[in-house]
Amino acid sequence: AMDASHVALCDVRLDAAGFDSYACTEPVTLGVNLVSMGKLMKCKRAGDGVTLEAAANGETLDLSFGPPPETETAAATTASRATYALKLMDIDTEALGPPPDAHAITATLASAEFQRVCKDLASLGDQCALTLDKTGARFVVSGDVADADVRLGTADVRLAFAQDDDTLTATGAFAVKYLLLFTKATGLASEVTLSLSTGEPVRVSYVVEGRGVMEQMVRDREVEMVQQMQQVEVMQ
């Protein structure tokens, strides 16, 4: 999923093994309005299971709340069940493709620590300069009230370098509000991985053990501003 301004992207992959039952004979792409789907999920009662069903060329995604059909016992066959048909959208899936996985440096740290840093920086400024190198991770924010320079050393950060070249440095400037928004996934995993190459989006990954992975990306602000200027010039 991508935000309306095409600045941030979220890529969630759920492993088939993480479902109670899973059947998919061929790849199917569904365009789902997540706001609408969120409204339907609020209709689920505590303790209900959720069954998702969709035809290959169908126009709806069916959400069924109640005991999973495959596990219903004789006593559960009379249990209440609610089914909703969510209308699908036409989406350009090529435009939503995430950037390549290759990055100069990846840094893994406690997800709670990353959340704390983002919360602190969000109260000071709008833009964060992120640097990853062999010394660790550095977050710099310049605000009206104060400037911040937060450094997390190798005691708190595990680093991995492309081609094992620890002389590499990766930098970028990113909107703090998006980084803070990404930390809402903190409860999913004890660790978070930041992947970065200079001039490229930063990838923030949470691996949910036995379930899948959530990857969130936000554009470098400098690259974003250059593209906005180019769009204005084309319009003129």
# chains A, B, ... in the order shown; residues from 1 in each chain; ligands from 1

call {"tool": "residues_around", "arguments": {"residues": "Leu63 in chain A", "least_positions_apart": "3", "cutoff": "9 Å", "atoms": "only C-alpha atoms", "output": "PyMOL selection string"}}
result
chain A and resi 40-41+50-53+82-86

call {"tool": "select_by_dssp", "arguments": {"residues": "chain A", "states": "strand (DSSP E or B)", "output": "PyMOL selection string"}}
result
chain A and resi 2+8-14+49-53+60-66+82-87+105-110+127-133+136-142+147-153+158-161+170-175+191-196+202-208+212-218

call {"tool": "residues_around", "arguments": {"residues": "Arg81 in chain A", "least_positions_apart": "3", "cutoff": "8 Å", "atoms": "only C-alpha atoms", "output": "list of chain:residue names"}}
result
A:Ser64, A:Phe65, A:Gly66, A:Pro67

call {"tool": "residues_around", "arguments": {"residues": "Leu9 in chain A", "least_positions_apart": "6", "cutoff": "6 Å", "atoms": "only C-alpha atoms", "output": "VMD selection string"}}
result
chain A and resid 1 to 2 216 to 217

call {"tool": "atom_distance", "arguments": {"atom1": "CA of Val117 in chain A", "atom2": "CA of Lys134 in chain A"}}
result
19.6 Å

call {"tool": "closest_residue", "arguments": {"among": "A:Lys42, A:Arg151, A:Lys119, A:Lys87", "to": "Tyr178 in chain A", "atoms": "only C-alpha atoms"}}
result
A:Lys119

call {"tool": "closest_residue", "arguments": {"among": "A:Asn33, A:Ser5, A:Ser197, A:Gln163", "to": "Thr106 in chain A", "atoms": "only C-alpha atoms"}}
result
A:Ser197

call {"tool": "residues_around", "arguments": {"residues": "Ala112 in chain A", "least_positions_apart": "6", "cutoff": "9 Å", "atoms": "only C-alpha atoms", "output": "MDAnalysis selection string"}}
result
chainID A and resid 183 186:187 190:192

call {"tool": "residues_around", "arguments": {"residues": "range 12-22 of chain A", "least_positions_apart": "5", "cutoff": "10 Å", "atoms": "only C-alpha atoms", "output": "JSON, numbers by chain"}}
result
{"A": [1, 49, 51, 52, 68, 69, 70, 71, 205, 206, 207, 208, 209, 210, 211, 212, 213, 214, 215, 216]}

call {"tool": "write_last_selection", "arguments": {"atoms": "all heavy atoms", "output": "short mmCIF file (atom, residue, chain, number, x, y, z; two decimals), in the first residue's frame"}}
result
data_model
loop_
_atom_site.label_atom_id
_atom_site.label_comp_id
_atom_site.auth_asym_id
_atom_site.auth_seq_id
_atom_site.Cartn_x
_atom_site.Cartn_y
_atom_site.Cartn_z
N ALA A 1 0.85 -1.18 0.00
CA ALA A 1 0.00 0.00 0.00
C ALA A 1 0.89 1.24 0.00
O ALA A 1 1.97 1.24 0.60
CB ALA A 1 -0.91 0.00 1.22
N GLY A 49 -13.00 -15.92 14.57
CA GLY A 49 -11.97 -16.09 13.55
C GLY A 49 -12.37 -15.30 12.31
O GLY A 49 -13.51 -14.87 12.18
N THR A 51 -12.26 -15.40 8.08
CA THR A 51 -12.01 -16.16 6.85
C THR A 51 -12.11 -15.22 5.67
O THR A 51 -13.11 -14.51 5.51
CB THR A 51 -13.03 -17.31 6.69
OG1 THR A 51 -12.94 -18.18 7.83
CG2 THR A 51 -12.74 -18.10 5.43
N LEU A 52 -11.07 -15.19 4.84
CA LEU A 52 -11.04 -14.35 3.64
C LEU A 52 -11.19 -15.25 2.41
O LEU A 52 -10.48 -16.25 2.28
CB LEU A 52 -9.73 -13.57 3.55
CG LEU A 52 -9.33 -12.73 4.77
CD1 LEU A 52 -7.98 -12.08 4.52
CD2 LEU A 52 -10.38 -11.69 5.07
N PRO A 68 -13.88 -20.79 12.29
CA PRO A 68 -13.39 -21.20 10.97
C PRO A 68 -14.17 -22.40 10.46
O PRO A 68 -14.36 -23.37 11.20
CB PRO A 68 -11.92 -21.55 11.24
CG PRO A 68 -11.57 -20.78 12.47
CD PRO A 68 -12.82 -20.75 13.30
N PRO A 69 -14.67 -22.37 9.22
CA PRO A 69 -15.50 -23.47 8.70
C PRO A 69 -14.84 -24.83 8.82
O PRO A 69 -15.49 -25.82 9.12
CB PRO A 69 -15.72 -23.08 7.23
CG PRO A 69 -15.54 -21.60 7.21
CD PRO A 69 -14.50 -21.30 8.24
N GLU A 70 -13.53 -24.92 8.58
CA GLU A 70 -12.85 -26.21 8.58
C GLU A 70 -12.74 -26.81 9.98
O GLU A 70 -12.49 -27.99 10.14
CB GLU A 70 -11.44 -26.07 7.98
CG GLU A 70 -11.42 -25.67 6.51
CD GLU A 70 -11.62 -24.17 6.31
OE1 GLU A 70 -11.76 -23.47 7.32
OE2 GLU A 70 -11.67 -23.73 5.16
N THR A 71 -12.90 -25.99 11.03
CA THR A 71 -12.71 -26.49 12.39
C THR A 71 -14.00 -26.53 13.18
O THR A 71 -13.99 -26.79 14.37
CB THR A 71 -11.69 -25.60 13.14
OG1 THR A 71 -12.19 -24.25 13.18
CG2 THR A 71 -10.35 -25.61 12.43
N SER A 205 12.00 -2.67 8.68
CA SER A 205 11.44 -4.02 8.61
C SER A 205 11.22 -4.63 10.00
O SER A 205 12.10 -4.57 10.86
CB SER A 205 12.37 -4.95 7.82
OG SER A 205 12.66 -4.42 6.54
N TYR A 206 10.03 -5.20 10.17
CA TYR A 206 9.69 -5.93 11.39
C TYR A 206 9.37 -7.37 10.99
O TYR A 206 8.42 -7.61 10.25
CB TYR A 206 8.47 -5.32 12.08
CG TYR A 206 8.67 -3.92 12.60
CD1 TYR A 206 8.47 -2.81 11.78
CD2 TYR A 206 9.05 -3.70 13.93
CE1 TYR A 206 8.65 -1.52 12.26
CE2 TYR A 206 9.23 -2.41 14.42
CZ TYR A 206 9.02 -1.32 13.58
OH TYR A 206 9.20 -0.05 14.06
N VAL A 207 10.16 -8.32 11.47
CA VAL A 207 9.92 -9.73 11.17
C VAL A 207 9.08 -10.33 12.29
O VAL A 207 9.49 -10.32 13.46
CB VAL A 207 11.24 -10.50 11.03
CG1 VAL A 207 10.97 -11.99 10.80
CG2 VAL A 207 12.08 -9.93 9.89
N VAL A 208 7.89 -10.81 11.93
CA VAL A 208 6.98 -11.42 12.90
C VAL A 208 7.21 -12.92 12.85
O VAL A 208 6.85 -13.58 11.87
CB VAL A 208 5.51 -11.08 12.58
CG1 VAL A 208 4.60 -11.59 13.69
CG2 VAL A 208 5.35 -9.58 12.39
N GLU A 209 7.81 -13.46 13.89
CA GLU A 209 8.22 -14.87 13.88
C GLU A 209 7.04 -15.80 13.63
O GLU A 209 6.02 -15.74 14.32
CB GLU A 209 8.89 -15.23 15.21
CG GLU A 209 9.50 -16.62 15.24
CD GLU A 209 10.28 -16.89 16.51
OE1 GLU A 209 10.41 -15.97 17.33
OE2 GLU A 209 10.74 -18.03 16.67
N GLY A 210 7.20 -16.66 12.63
CA GLY A 210 6.16 -17.63 12.32
C GLY A 210 4.97 -17.07 11.58
O GLY A 210 4.03 -17.81 11.26
N ARG A 211 4.98 -15.77 11.28
CA ARG A 211 3.84 -15.14 10.63
C ARG A 211 4.20 -14.49 9.30
O ARG A 211 3.49 -14.62 8.32
CB ARG A 211 3.22 -14.09 11.56
CG ARG A 211 2.66 -14.64 12.86
CD ARG A 211 1.42 -15.47 12.61
NE ARG A 211 0.85 -15.98 13.86
CZ ARG A 211 -0.24 -16.72 13.93
NH1 ARG A 211 -0.88 -17.06 12.83
NH2 ARG A 211 -0.69 -17.16 15.09
N GLY A 212 5.30 -13.74 9.27
CA GLY A 212 5.67 -13.03 8.05
C GLY A 212 6.52 -11.83 8.37
O GLY A 212 7.25 -11.80 9.37
N VAL A 213 6.42 -10.79 7.54
CA VAL A 213 7.24 -9.60 7.72
C VAL A 213 6.47 -8.37 7.28
O VAL A 213 5.66 -8.43 6.34
CB VAL A 213 8.57 -9.73 6.92
CG1 VAL A 213 8.29 -9.88 5.43
CG2 VAL A 213 9.47 -8.52 7.16
N MET A 214 6.69 -7.27 7.98
CA MET A 214 6.14 -5.97 7.59
C MET A 214 7.30 -5.05 7.25
O MET A 214 8.19 -4.82 8.08
CB MET A 214 5.31 -5.34 8.71
CG MET A 214 4.89 -3.90 8.43
SD MET A 214 3.88 -3.16 9.73
CE MET A 214 2.31 -3.94 9.39
N GLU A 215 7.31 -4.55 6.01
CA GLU A 215 8.36 -3.64 5.58
C GLU A 215 7.73 -2.31 5.19
O GLU A 215 6.75 -2.27 4.43
CB GLU A 215 9.13 -4.23 4.39
CG GLU A 215 9.90 -5.48 4.75
CD GLU A 215 10.77 -5.97 3.61
OE1 GLU A 215 10.42 -5.70 2.44
OE2 GLU A 215 11.81 -6.60 3.89
N GLN A 216 8.29 -1.23 5.71
CA GLN A 216 7.77 0.11 5.45
C GLN A 216 8.90 0.97 4.92
O GLN A 216 10.03 0.88 5.41
CB GLN A 216 7.18 0.70 6.73
CG GLN A 216 6.08 -0.17 7.30
CD GLN A 216 5.70 0.20 8.72
OE1 GLN A 216 4.69 0.82 8.96
NE2 GLN A 216 6.53 -0.20 9.68
#

call {"tool": "residues_around", "arguments": {"residues": "Gly153 in chain A", "least_positions_apart": "5", "cutoff": "7 Å", "atoms": "only C-alpha atoms", "output": "MDAnalysis selection string"}}
result
chainID A and resid 135:137

call {"tool": "closest_residue", "arguments": {"among": "A:Ile105, A:Leu61, A:Met89, A:Ala129", "to": "Gly31 in chain A", "atoms": "only C-alpha atoms"}}
result
A:Met89
